>>> print(open('final.csv').read())   # CSV, C-alpha atoms
chain,number,residue,atom,x,y,z
A,1,MET,CA,0.6,-19.4,25.3
A,2,SER,CA,0.7,-19.3,29.1
A,3,THR,CA,2.5,-16.6,31.0
A,4,LYS,CA,4.9,-19.2,32.3
A,5,ASP,CA,5.8,-20.2,28.7
A,6,PHE,CA,6.1,-16.6,27.7
A,7,ILE,CA,8.8,-15.9,30.3
A,8,GLU,CA,10.6,-19.3,30.6
A,9,LYS,CA,11.1,-20.2,27.0
A,10,ASP,CA,14.1,-18.7,25.2
A,11,PHE,CA,12.7,-17.9,21.8
A,12,TYR,CA,15.9,-16.5,20.5
A,13,LYS,CA,17.5,-19.9,21.2
A,14,VAL,CA,14.6,-21.6,19.4
A,15,LEU,CA,15.2,-19.6,16.3
A,16,GLY,CA,19.0,-19.6,16.7
A,17,VAL,CA,19.4,-15.9,16.6
A,18,PRO,CA,21.2,-13.5,19.0
A,19,LYS,CA,19.1,-11.2,21.2
A,20,ASP,CA,20.0,-8.2,19.2
A,21,ALA,CA,18.9,-9.8,15.9
A,22,THR,CA,17.2,-7.5,13.4
A,23,GLU,CA,13.6,-8.1,12.1
A,24,ALA,CA,15.1,-9.3,8.8
A,25,GLU,CA,17.4,-11.8,10.5
A,26,ILE,CA,14.5,-13.2,12.6
A,27,LYS,CA,12.3,-13.6,9.5
A,28,LYS,CA,15.1,-15.3,7.6
A,29,ALA,CA,15.8,-17.7,10.4
A,30,TYR,CA,12.1,-18.5,10.8
A,31,ARG,CA,11.6,-19.2,7.1
A,32,LYS,CA,14.6,-21.5,7.0
A,33,LEU,CA,13.6,-23.5,10.0
A,34,ALA,CA,9.9,-23.6,9.0
A,35,ARG,CA,10.8,-25.1,5.6
A,36,GLU,CA,13.0,-27.7,7.3
A,37,PHE,CA,10.5,-28.9,10.0
A,38,HIS,CA,7.2,-28.3,8.2
A,39,PRO,CA,4.8,-31.2,8.8
A,40,ASP,CA,4.2,-31.6,5.1
A,41,ALA,CA,7.9,-32.3,4.6
A,42,ASN,CA,8.1,-34.6,7.6
A,43,LYS,CA,5.0,-36.7,7.5
A,44,GLY,CA,4.6,-39.0,10.5
A,45,ASN,CA,7.6,-37.3,12.3
A,46,THR,CA,6.1,-36.2,15.6
A,47,LYS,CA,9.4,-34.6,16.8
A,48,ALA,CA,9.5,-32.4,13.6
A,49,GLU,CA,5.9,-31.4,14.3
A,50,GLU,CA,6.7,-30.4,17.9
A,51,ARG,CA,9.8,-28.5,16.6
A,52,PHE,CA,7.7,-26.7,14.0
A,53,LYS,CA,5.2,-25.6,16.7
A,54,GLU,CA,8.1,-24.2,18.8
A,55,ILE,CA,9.4,-22.3,15.8
A,56,SER,CA,6.0,-20.9,15.0
A,57,GLU,CA,5.5,-19.9,18.7
A,58,ALA,CA,8.9,-18.1,18.8
A,59,ASN,CA,8.2,-16.3,15.5
A,60,ASP,CA,4.8,-15.2,16.8
A,61,VAL,CA,6.5,-13.3,19.6
A,62,LEU,CA,9.9,-12.2,18.1
A,63,GLY,CA,8.3,-11.3,14.7
A,64,ASP,CA,6.0,-8.8,16.3
A,65,PRO,CA,7.9,-5.7,17.6
A,66,LYS,CA,5.4,-5.0,20.4
A,67,LYS,CA,5.3,-8.6,21.6
A,68,ARG,CA,9.1,-8.8,21.4
A,69,LYS,CA,9.4,-5.7,23.6
A,70,GLU,CA,7.1,-7.1,26.2
A,71,TYR,CA,8.9,-10.5,26.1
A,72,ASP,CA,12.3,-8.8,26.5
A,73,GLU,CA,11.1,-6.7,29.4
A,74,ALA,CA,9.4,-9.7,31.1
A,75,ARG,CA,12.5,-11.8,30.7
A,76,ALA,CA,14.7,-9.1,32.1
A,77,LEU,CA,12.4,-8.7,35.2
A,78,PHE,CA,11.4,-12.3,36.0
A,79,GLY,CA,13.7,-14.5,33.8
A,80,ASN,CA,16.9,-16.3,34.7
A,81,GLY,CA,15.4,-18.7,37.2
A,82,GLY,CA,13.0,-16.2,38.7
A,83,PHE,CA,10.2,-18.8,38.5
A,84,ARG,CA,10.0,-21.7,40.9
A,85,PRO,CA,7.3,-24.3,41.4
A,86,GLY,CA,4.8,-23.6,44.1
A,87,PRO,CA,3.0,-26.2,46.2
A,88,GLY,CA,1.5,-28.9,43.9
A,89,ALA,CA,3.2,-27.4,40.8
A,90,ALA,CA,4.7,-30.7,39.8
A,91,GLY,CA,3.0,-32.1,36.7
A,92,GLY,CA,1.8,-28.7,35.5
A,93,GLY,CA,0.3,-27.1,38.7
A,94,SER,CA,0.3,-23.4,39.5
A,95,PHE,CA,3.5,-21.5,39.4
A,96,ASN,CA,4.8,-19.0,42.0
A,97,PHE,CA,7.7,-16.7,41.8
A,98,ASP,CA,9.6,-14.9,44.5
A,99,LEU,CA,9.0,-11.1,44.6
A,100,GLY,CA,11.0,-10.7,47.8
A,101,ASP,CA,13.9,-8.9,46.1
A,102,LEU,CA,11.5,-6.8,44.0
A,103,PHE,CA,9.5,-5.5,46.9
A,104,GLY,CA,12.2,-5.3,49.5
A,105,GLY,CA,11.6,-8.6,51.2
A,106,GLN,CA,7.8,-8.1,51.4
A,107,GLY,CA,6.0,-10.8,49.5
A,108,ALA,CA,2.7,-10.3,47.8
A,109,GLY,CA,-0.3,-10.1,50.1
A,110,GLY,CA,1.9,-8.9,53.0
A,111,GLN,CA,3.7,-12.1,53.5
A,112,ALA,CA,7.4,-11.3,54.3
A,113,GLY,CA,9.6,-13.4,52.0
A,114,GLY,CA,6.5,-15.3,50.9
A,115,GLY,CA,5.5,-16.5,47.4
A,116,PHE,CA,3.1,-14.9,45.0
A,117,GLY,CA,0.7,-17.4,43.7
A,118,GLY,CA,-1.5,-17.6,40.6
A,119,GLY,CA,-1.8,-13.9,39.8
A,120,LEU,CA,0.6,-13.6,36.9
A,121,GLY,CA,-2.2,-12.3,34.7
A,122,ASP,CA,-2.6,-9.3,37.0
A,123,VAL,CA,1.2,-8.7,37.1
A,124,PHE,CA,1.5,-8.5,33.3
A,125,GLY,CA,-1.6,-6.5,32.7
A,126,GLY,CA,-2.9,-8.8,30.0
A,127,LEU,CA,0.0,-9.5,27.7
A,128,PHE,CA,-1.3,-10.1,24.1
A,129,ASN,CA,-4.8,-9.1,25.4
A,130,ARG,CA,-5.1,-12.2,27.5
A,131,GLY,CA,-5.1,-12.7,31.3
A,132,GLY,CA,-5.4,-10.2,34.0
A,133,THR,CA,-8.3,-8.8,35.8
A,134,GLY,CA,-7.7,-5.1,35.0
A,135,THR,CA,-10.4,-2.9,33.5
A,136,THR,CA,-11.1,-3.1,29.8
A,137,ARG,CA,-12.1,-0.4,27.4
A,138,THR,CA,-13.6,-0.2,24.0
A,139,GLN,CA,-10.9,0.3,21.3
A,140,PRO,CA,-10.8,3.1,18.7
A,141,ARG,CA,-11.8,1.9,15.2
A,142,ARG,CA,-10.3,3.2,12.0
A,143,GLY,CA,-12.8,4.6,9.4
A,144,GLN,CA,-13.4,2.7,6.2
A,145,ASP,CA,-11.5,3.5,3.0
A,146,ILE,CA,-13.5,5.1,0.2
A,147,GLU,CA,-12.9,4.7,-3.5
A,148,SER,CA,-14.2,7.3,-6.0
A,149,GLU,CA,-13.6,8.2,-9.7
A,150,VAL,CA,-13.0,11.4,-11.5
A,151,THR,CA,-12.7,12.3,-15.2
A,152,LEU,CA,-10.2,15.0,-16.3
A,153,SER,CA,-9.5,16.6,-19.5
A,154,PHE,CA,-6.1,15.9,-21.1
A,155,THR,CA,-4.9,19.4,-20.1
A,156,GLU,CA,-6.1,19.1,-16.5
A,157,ALA,CA,-4.3,15.8,-16.1
A,158,ILE,CA,-1.0,17.3,-17.3
A,159,GLU,CA,-1.3,20.6,-15.4
A,160,GLY,CA,-3.2,19.3,-12.3
A,161,ALA,CA,-6.7,20.4,-11.2
A,162,THR,CA,-8.9,20.8,-8.1
A,163,VAL,CA,-12.2,19.0,-8.6
A,164,PRO,CA,-15.3,18.5,-6.4
A,165,LEU,CA,-16.1,15.0,-5.3
A,166,ARG,CA,-19.4,13.9,-3.8
A,167,MET,CA,-18.9,10.9,-1.6
A,168,SER,CA,-21.1,8.6,0.4
A,169,SER,CA,-19.7,6.7,3.4
A,170,GLN,CA,-20.4,5.4,6.8
A,171,ALA,CA,-20.1,8.0,9.6
A,172,ALA,CA,-21.3,8.4,13.2
A,173,CYS,CA,-25.1,8.2,13.3
A,174,LYS,CA,-26.5,11.6,14.1
A,175,ALA,CA,-29.7,10.3,15.6
A,176,CYS,CA,-27.8,8.4,18.4
A,177,SER,CA,-24.5,10.3,18.3
A,178,GLY,CA,-22.8,7.2,17.2
A,179,THR,CA,-23.7,5.1,20.3
A,180,GLY,CA,-26.1,2.8,18.5
A,181,ASP,CA,-28.5,3.2,21.4
A,182,LYS,CA,-31.7,5.3,21.4
A,183,ASN,CA,-30.9,6.6,24.9
A,184,GLY,CA,-27.2,7.0,24.2
A,185,THR,CA,-26.2,4.4,26.8
A,186,PRO,CA,-25.0,1.2,25.3
A,187,ARG,CA,-23.5,-1.5,27.5
A,188,VAL,CA,-20.1,-3.2,27.2
A,189,CYS,CA,-20.3,-6.4,25.3
A,190,PRO,CA,-20.1,-9.3,27.7
A,191,THR,CA,-18.6,-11.7,25.2
A,192,CYS,CA,-15.4,-9.7,24.4
A,193,VAL,CA,-15.6,-7.5,27.5
A,194,GLY,CA,-15.4,-4.3,25.4
A,195,THR,CA,-12.3,-5.2,23.3
A,196,GLY,CA,-14.2,-6.0,20.1
A,197,GLN,CA,-12.1,-9.1,19.7
A,198,VAL,CA,-12.3,-12.8,20.7
A,199,ALA,CA,-9.4,-15.2,20.7
A,200,ARG,CA,-9.3,-18.5,18.8
A,201,GLY,CA,-6.7,-21.2,19.0
A,202,SER,CA,-4.6,-21.9,15.9
A,203,GLY,CA,-2.2,-24.5,17.0
A,204,GLY,CA,1.5,-24.1,17.7
A,205,GLY,CA,0.9,-22.8,21.2
A,206,PHE,CA,-0.5,-19.4,20.3
A,207,SER,CA,-3.8,-17.9,19.4
A,208,LEU,CA,-5.3,-15.4,16.9
A,209,THR,CA,-8.0,-12.9,17.3
A,210,ASP,CA,-11.2,-12.3,15.4
A,211,PRO,CA,-13.9,-9.6,15.5
A,212,CYS,CA,-16.4,-10.4,18.2
A,213,PRO,CA,-19.5,-12.0,16.6
A,214,ASP,CA,-21.9,-10.5,19.1
A,215,CYS,CA,-21.0,-6.8,18.8
A,216,LYS,CA,-19.4,-7.0,15.4
A,217,GLY,CA,-16.1,-5.7,16.7
A,218,ARG,CA,-17.6,-2.5,18.3
A,219,GLY,CA,-17.2,-3.6,21.9
A,220,LEU,CA,-20.6,-2.2,22.7
A,221,ILE,CA,-24.2,-3.5,22.6
A,222,ALA,CA,-27.2,-1.3,22.4
A,223,GLU,CA,-30.0,-2.0,25.0
A,224,GLU,CA,-32.5,-0.2,22.7
A,225,PRO,CA,-31.1,-0.1,19.1
A,226,CYS,CA,-31.4,3.2,17.3
A,227,ASP,CA,-34.1,3.1,14.6
A,228,ILE,CA,-31.8,4.8,12.1
A,229,CYS,CA,-28.5,2.8,12.4
A,230,LYS,CA,-30.1,-0.4,13.9
A,231,GLY,CA,-27.6,-0.4,16.8
A,232,SER,CA,-24.5,-0.2,14.6
A,233,GLY,CA,-23.7,3.4,15.5
A,234,ARG,CA,-23.0,4.1,11.9
A,235,ALA,CA,-25.2,5.6,9.2
A,236,LYS,CA,-24.8,6.6,5.6
A,237,SER,CA,-23.5,10.1,5.1
A,238,SER,CA,-22.9,12.2,2.0
A,239,ARG,CA,-20.4,15.1,1.6
A,240,THR,CA,-18.7,17.1,-1.1
A,241,MET,CA,-15.0,17.5,-0.9
A,242,GLN,CA,-12.6,19.6,-3.0
A,243,VAL,CA,-9.8,17.3,-4.0
A,244,ARG,CA,-6.5,18.4,-5.6
A,245,ILE,CA,-5.4,16.1,-8.3
A,246,PRO,CA,-1.6,16.5,-8.8
A,247,ALA,CA,-0.1,17.4,-12.2
A,248,GLY,CA,1.1,14.7,-14.4
A,249,VAL,CA,-1.5,11.9,-13.5
A,250,SER,CA,-2.1,9.3,-16.2
A,251,ASP,CA,-5.3,7.5,-17.3
A,252,GLY,CA,-6.3,4.8,-14.9
A,253,GLN,CA,-3.9,6.0,-12.1
A,254,ARG,CA,-5.1,5.3,-8.5
A,255,ILE,CA,-4.3,8.2,-6.1
A,256,ARG,CA,-4.3,7.7,-2.3
A,257,LEU,CA,-5.3,10.6,-0.1
A,258,ARG,CA,-4.6,9.8,3.5
A,259,GLY,CA,-7.2,10.5,6.1
A,260,LYS,CA,-9.8,11.7,3.6
A,261,GLY,CA,-12.0,8.5,3.9
A,262,ALA,CA,-14.8,7.7,6.3
A,263,PRO,CA,-14.5,9.1,9.9
A,264,GLY,CA,-13.2,6.7,12.6
A,265,GLU,CA,-15.1,5.6,15.7
A,266,ARG,CA,-14.3,6.4,19.3
A,267,GLY,CA,-11.4,8.6,18.4
A,268,GLY,CA,-10.0,6.3,15.7
A,269,PRO,CA,-8.3,7.8,12.6
A,270,ALA,CA,-10.2,8.3,9.4
A,271,GLY,CA,-9.8,6.0,6.5
A,272,ASP,CA,-8.2,6.8,3.2
A,273,LEU,CA,-9.7,8.1,0.0
A,274,TYR,CA,-8.7,6.3,-3.3
A,275,VAL,CA,-9.4,8.2,-6.5
A,276,VAL,CA,-9.2,6.5,-9.8
A,277,VAL,CA,-8.5,9.0,-12.6
A,278,HIS,CA,-9.8,8.8,-16.1
A,279,VAL,CA,-8.3,11.1,-18.7
A,280,GLY,CA,-9.9,12.3,-21.9
A,281,GLU,CA,-8.2,12.4,-25.3
A,282,HIS,CA,-6.7,15.5,-26.9
A,283,PRO,CA,-7.3,16.4,-30.6
A,284,VAL,CA,-3.6,17.3,-31.2
A,285,PHE,CA,-1.4,15.9,-28.4
A,286,GLY,CA,-0.8,12.3,-27.2
A,287,ARG,CA,1.2,11.0,-24.3
A,288,LYS,CA,4.0,8.4,-23.8
A,289,ASP,CA,5.1,8.0,-20.2
A,290,ASP,CA,6.2,11.5,-19.1
A,291,ASN,CA,6.5,12.8,-22.6
A,292,LEU,CA,3.9,14.4,-24.8
A,293,THR,CA,3.7,13.5,-28.5
A,294,VAL,CA,2.5,15.5,-31.5
A,295,THR,CA,2.7,14.9,-35.3
A,296,VAL,CA,3.6,18.0,-37.4
A,297,PRO,CA,3.1,18.1,-41.2
A,298,VAL,CA,5.9,19.6,-43.3
A,299,THR,CA,6.2,20.2,-47.1
A,300,TYR,CA,8.4,18.2,-49.3
A,301,PRO,CA,10.7,21.2,-49.9
A,302,GLU,CA,11.1,21.7,-46.1
A,303,ALA,CA,12.0,18.0,-45.7
A,304,ALA,CA,14.4,18.0,-48.6
A,305,LEU,CA,16.0,21.4,-48.1
A,306,GLY,CA,15.6,21.8,-44.4
A,307,GLY,CA,14.3,24.8,-42.6
A,308,GLU,CA,12.6,26.0,-39.4
A,309,VAL,CA,9.3,24.6,-38.3
A,310,ARG,CA,6.9,26.1,-35.6
A,311,VAL,CA,5.5,23.5,-33.3
A,312,PRO,CA,2.5,24.0,-30.9
A,313,THR,CA,2.9,23.1,-27.2
A,314,LEU,CA,0.3,22.3,-24.6
A,315,GLY,CA,-0.7,25.4,-22.7
A,316,GLY,CA,2.3,27.4,-23.8
A,317,PRO,CA,3.7,29.4,-26.7
A,318,PRO,CA,4.9,27.5,-29.8
A,319,VAL,CA,8.5,26.4,-30.1
A,320,THR,CA,10.6,26.5,-33.3
A,321,LEU,CA,12.6,23.4,-34.3
A,322,LYS,CA,15.3,23.3,-36.9
A,323,LEU,CA,14.6,20.7,-39.6
A,324,PRO,CA,17.8,19.3,-41.1
A,325,PRO,CA,18.1,18.9,-44.9
A,326,GLY,CA,17.0,15.5,-46.1
A,327,THR,CA,14.7,14.8,-43.1
A,328,PRO,CA,12.8,11.6,-43.9
A,329,ASN,CA,9.1,11.1,-43.2
A,330,GLY,CA,8.4,9.8,-39.7
A,331,ARG,CA,11.5,11.2,-38.1
A,332,THR,CA,11.0,12.2,-34.4
A,333,MET,CA,12.6,15.3,-32.9
A,334,ARG,CA,12.6,16.4,-29.2
A,335,ALA,CA,11.5,19.7,-27.6
A,336,ARG,CA,13.0,19.4,-24.1
A,337,GLY,CA,10.9,20.4,-21.0
A,338,LYS,CA,7.6,20.7,-22.9
A,339,GLY,CA,6.1,17.4,-21.7
A,340,ALA,CA,4.2,16.2,-18.6
A,341,VAL,CA,5.1,17.0,-15.0
A,342,ARG,CA,7.2,14.3,-13.3
A,343,LYS,CA,7.0,13.4,-9.6
A,344,ASP,CA,10.1,15.4,-8.9
A,345,GLY,CA,8.6,18.5,-10.4
A,346,THR,CA,10.6,18.5,-13.6
A,347,ARG,CA,8.9,18.0,-17.0
A,348,GLY,CA,9.3,15.4,-19.7
A,349,ASP,CA,9.8,16.3,-23.4
A,350,LEU,CA,7.6,17.0,-26.4
A,351,LEU,CA,8.3,14.3,-29.1
A,352,VAL,CA,7.6,15.8,-32.5
A,353,THR,CA,7.1,13.4,-35.4
A,354,VAL,CA,7.6,14.8,-38.9
A,355,GLU,CA,4.9,13.9,-41.5
A,356,VAL,CA,5.8,14.9,-45.1
A,357,SER,CA,2.6,16.3,-46.6
A,358,VAL,CA,1.9,15.2,-50.2
A,359,PRO,CA,-0.5,17.7,-52.0
A,360,GLY,CA,-3.5,16.2,-53.7
A,361,ASP,CA,-4.2,19.1,-56.1
A,362,LEU,CA,-1.3,21.0,-57.8
A,363,SER,CA,-1.5,24.3,-59.6
A,364,GLY,CA,0.0,24.5,-63.1
A,365,LYS,CA,3.1,26.3,-61.9
A,366,ALA,CA,3.7,23.7,-59.2
A,367,ARG,CA,3.2,20.8,-61.5
A,368,ASP,CA,5.6,22.2,-64.1
A,369,ALA,CA,8.2,22.6,-61.3
A,370,LEU,CA,7.8,19.0,-60.2
A,371,GLU,CA,8.0,17.7,-63.8
A,372,ALA,CA,11.2,19.6,-64.2
A,373,TYR,CA,12.5,18.1,-60.9
A,374,ARG,CA,11.6,14.6,-62.1
A,375,GLU,CA,13.5,15.0,-65.3
A,376,ALA,CA,16.5,16.3,-63.4
A,377,THR,CA,16.6,13.2,-61.2
A,378,ALA,CA,15.6,10.6,-63.8
A,379,ASP,CA,19.0,8.9,-63.5
A,380,GLU,CA,18.5,8.4,-59.7
A,381,ASP,CA,16.6,5.3,-58.8
A,382,PRO,CA,15.7,5.3,-55.0
A,383,ARG,CA,14.6,1.7,-55.3
A,384,ALA,CA,17.9,0.3,-56.9
A,385,GLU,CA,19.4,-0.7,-53.5
A,386,LEU,CA,16.1,-2.4,-52.6
A,387,PHE,CA,16.1,-4.6,-55.7
A,388,GLN,CA,19.8,-5.4,-55.4
A,389,ALA,CA,19.3,-6.5,-51.8
A,390,ALA,CA,16.3,-8.7,-52.7
A,391,LYS,CA,18.3,-10.3,-55.5
A,392,GLY,CA,21.3,-11.2,-53.3
A,393,ALA,CA,19.2,-12.5,-50.4
>>> encode(input="final.csv", output="structure tokens")
Amino acid sequence: MSTKDFIEKDFYKVLGVPKDATEAEIKKAYRKLAREFHPDANKGNTKAEERFKEISEANDVLGDPKKRKEYDEARALFGNGGFRPGPGAAGGGSFNFDLGDLFGGQGAGGQAGGGFGGGLGDVFGGLFNRGGTGTTRTQPRRGQDIESEVTLSFTEAIEGATVPLRMSSQAACKACSGTGDKNGTPRVCPTCVGTGQVARGSGGGFSLTDPCPDCKGRGLIAEEPCDICKGSGRAKSSRTMQVRIPAGVSDGQRIRLRGKGAPGERGGPAGDLYVVVHVGEHPVFGRKDDNLTVTVPVTYPEAALGGEVRVPTLGGPPVTLKLPPGTPNGRTMRARGKGAVRKDGTRGDLLVTVEVSVPGDLSGKARDALEAYREATADEDPRAELFQAAKGA
């Protein structure tokens, strides 16, 4: 996109939105128009194709907060007819604009009331990293993200733990102090002029940027490449870090630790560290979301007559639950606040499942008691309703 197009075109009008439109309104308008005028939906329609290019160009500017700010400022300063064709401008020649009012009647180059020709790139200081003859500088680069794994015991996952992690990542090469050059004096890449990026056309009147193929995005080229890092300025580095794993993590969870990844280059921020957590099993407790689970055996008399049952908790004293008379096998009761830690700091519950224990070996006294119970309940058939329902189905 030329500087002339950047200032003269009313991108708000192209998208049909007001100048104070929100990002959401701009996105909505662009998507609606893009669907309507997309070349695939208007095959052979050159006008629709041109309209689609205009829409894409407008969205490229207004959809980017930084570009939109530059566009609004440039329109406010030089818009509303501030441009006028200079000599030979007809048919796409150079454009001049009058800076007389801006500089108190003194035109650029000391020409009173004169025009300012051809130097728009200098005026705008390289909008979108294009144009202008100002100095360039190498850009800071963010460090790489690192991914690691850690295995915790069941209890550590519930309560939280601090664990050591040994990590390998790319960091500034110590041999050349991160310059990539043996002598520590790399030169600015002539291809990208130190920006680390090169522009490529993508249609629609605008361009995209790619990492520079010659300097691999560094903006610098080593005259004498370092023997250790081969001119990249980065070398493998190992370090051990104490990492705090928060309470309540679950098996397979991926935790992001901001700024704990590989160091950045030229003052750039460090990357992030991603830790994948593996949790071991517990011989007694299980887990369901933020709740812990446990199965507690009870005797038949306890289930039939009711009573109080002591239940173990993870890392704390036992709790006592009241067992109602006639409790069936498999019933689940709840001990509140004895589960895993939630994100808000509260705890889930302990889900206690009752398992009626059937003895495999009875003493004579116990057998006599059960025989007497069987005789006393001989007229009661617990399966009568089952057969009745089966017959009527």
>>> atom_distance(input="final.csv", atom1="CA of Gly348 in chain A", atom2="CA of Tyr300 in chain A")
29.7 Å
>>> closest_residue(input="final.csv", among="A:Met333, A:Ala262, A:Ala372, A:Val150", to="Val294 in chain A", atoms="only C-alpha atoms")
A:Met333
>>> closest_residue(input="final.csv", among="A:Arg310, A:Arg200, A:Arg68, A:Arg234", to="Gly178 in chain A", atoms="only C-alpha atoms")
A:Arg234
>>> residues_around(input="final.csv", residues="range 171-175 of chain A", least_positions_apart="3", cutoff="12 Å", atoms="all atoms listed in the file", output="MDAnalysis selection string")
chainID A and resid 141:146 167:168 178:184 225:239 261:268 270:271
>>> closest_residue(input="final.csv", among="A:Glu371, A:Asp272, A:Glu23, A:Glu156", to="Lys260 in chain A", atoms="only C-alpha atoms")
A:Asp272
>>> atom_distance(input="final.csv", atom1="CA of Arg287 in chain A", atom2="CA of Glu355 in chain A")
17.8 Å
>>> atom_distance(input="final.csv", atom1="CA of Thr22 in chain A", atom2="CA of Ser56 in chain A")
17.5 Å
>>> residues_around(input="final.csv", residues="Arg256 in chain A", least_positions_apart="2", cutoff="7 Å", atoms="all atoms listed in the file", output="ChimeraX atom specification")
/A:254,258,272-275
>>> closest_residue(input="final.csv", among="A:Asp210, A:Gly219, A:Thr327, A:Glu281", to="Thr191 in chain A", atoms="all atoms listed in the file")
A:Gly219
>>> residues_around(input="final.csv", residues="Glu223 in chain A", least_positions_apart="5", cutoff="8 Å", atoms="all atoms listed in the file", output="PDB file with C-alpha atoms, keeping the file's coordinate frame")
ATOM      1  CA  ASP A 181     -28.500   3.200  21.400  1.00  0.00           C
ATOM      2  CA  THR A 185     -26.200   4.400  26.800  1.00  0.00           C
ATOM      3  CA  PRO A 186     -25.000   1.200  25.300  1.00  0.00           C
ATOM      4  CA  ARG A 187     -23.500  -1.500  27.500  1.00  0.00           C
TER       5      ARG A 187
END
>>> closest_residue(input="final.csv", among="A:Asn45, A:Thr332, A:Thr353, A:Thr162", to="Arg244 in chain A", atoms="all atoms listed in the file")
A:Thr162
>>> residues_near_point(input="final.csv", point="(5.2, -28.1, 7.5)", cutoff="12 Å", atoms="all atoms listed in the file", output="list in words")
Arg31, Lys32, Leu33, Ala34, Arg35, Glu36, Phe37, His38, Pro39, Asp40, Ala41, Asn42, Lys43, Gly44, Asn45, Thr46, Ala48, Glu49, Glu50, Arg51, Phe52, Lys53, Ile55, Ser56 and Gly204 of chain A
>>> write_last_selection(input="final.csv", atoms="C-alpha atoms", output="mmCIF file, in the coordinates of the input")
data_model
loop_
_atom_site.group_PDB
_atom_site.id
_atom_site.type_symbol
_atom_site.label_atom_id
_atom_site.label_comp_id
_atom_site.auth_asym_id
_atom_site.auth_seq_id
_atom_site.Cartn_x
_atom_site.Cartn_y
_atom_site.Cartn_z
ATOM 1 C CA ARG A 31 11.600 -19.200 7.100
ATOM 2 C CA LYS A 32 14.600 -21.500 7.000
ATOM 3 C CA LEU A 33 13.600 -23.500 10.000
ATOM 4 C CA ALA A 34 9.900 -23.600 9.000
ATOM 5 C CA ARG A 35 10.800 -25.100 5.600
ATOM 6 C CA GLU A 36 13.000 -27.700 7.300
ATOM 7 C CA PHE A 37 10.500 -28.900 10.000
ATOM 8 C CA HIS A 38 7.200 -28.300 8.200
ATOM 9 C CA PRO A 39 4.800 -31.200 8.800
ATOM 10 C CA ASP A 40 4.200 -31.600 5.100
ATOM 11 C CA ALA A 41 7.900 -32.300 4.600
ATOM 12 C CA ASN A 42 8.100 -34.600 7.600
ATOM 13 C CA LYS A 43 5.000 -36.700 7.500
ATOM 14 C CA GLY A 44 4.600 -39.000 10.500
ATOM 15 C CA ASN A 45 7.600 -37.300 12.300
ATOM 16 C CA THR A 46 6.100 -36.200 15.600
ATOM 17 C CA ALA A 48 9.500 -32.400 13.600
ATOM 18 C CA GLU A 49 5.900 -31.400 14.300
ATOM 19 C CA GLU A 50 6.700 -30.400 17.900
ATOM 20 C CA ARG A 51 9.800 -28.500 16.600
ATOM 21 C CA PHE A 52 7.700 -26.700 14.000
ATOM 22 C CA LYS A 53 5.200 -25.600 16.700
ATOM 23 C CA ILE A 55 9.400 -22.300 15.800
ATOM 24 C CA SER A 56 6.000 -20.900 15.000
ATOM 25 C CA GLY A 204 1.500 -24.100 17.700
#
>>> closest_residue(input="final.csv", among="A:Pro328, A:Leu386, A:Arg347, A:Ser363", to="Thr299 in chain A", atoms="only C-alpha atoms")
A:Pro328
>>> residues_around(input="final.csv", residues="Ala58 in chain A", least_positions_apart="4", cutoff="9 Å", atoms="all atoms listed in the file", output="PDB file with C-alpha atoms, keeping the file's coordinate frame")
ATOM      1  CA  LYS A   9      11.100 -20.200  27.000  1.00  0.00           C
ATOM      2  CA  ASP A  10      14.100 -18.700  25.200  1.00  0.00           C
ATOM      3  CA  PHE A  11      12.700 -17.900  21.800  1.00  0.00           C
ATOM      4  CA  TYR A  12      15.900 -16.500  20.500  1.00  0.00           C
ATOM      5  CA  VAL A  14      14.600 -21.600  19.400  1.00  0.00           C
ATOM      6  CA  LEU A  15      15.200 -19.600  16.300  1.00  0.00           C
ATOM      7  CA  TYR A  30      12.100 -18.500  10.800  1.00  0.00           C
ATOM      8  CA  LYS A  53       5.200 -25.600  16.700  1.00  0.00           C
ATOM      9  CA  GLU A  54       8.100 -24.200  18.800  1.00  0.00           C
ATOM     10  CA  LEU A  62       9.900 -12.200  18.100  1.00  0.00           C
ATOM     11  CA  GLY A  63       8.300 -11.300  14.700  1.00  0.00           C
TER      12      GLY A  63
END
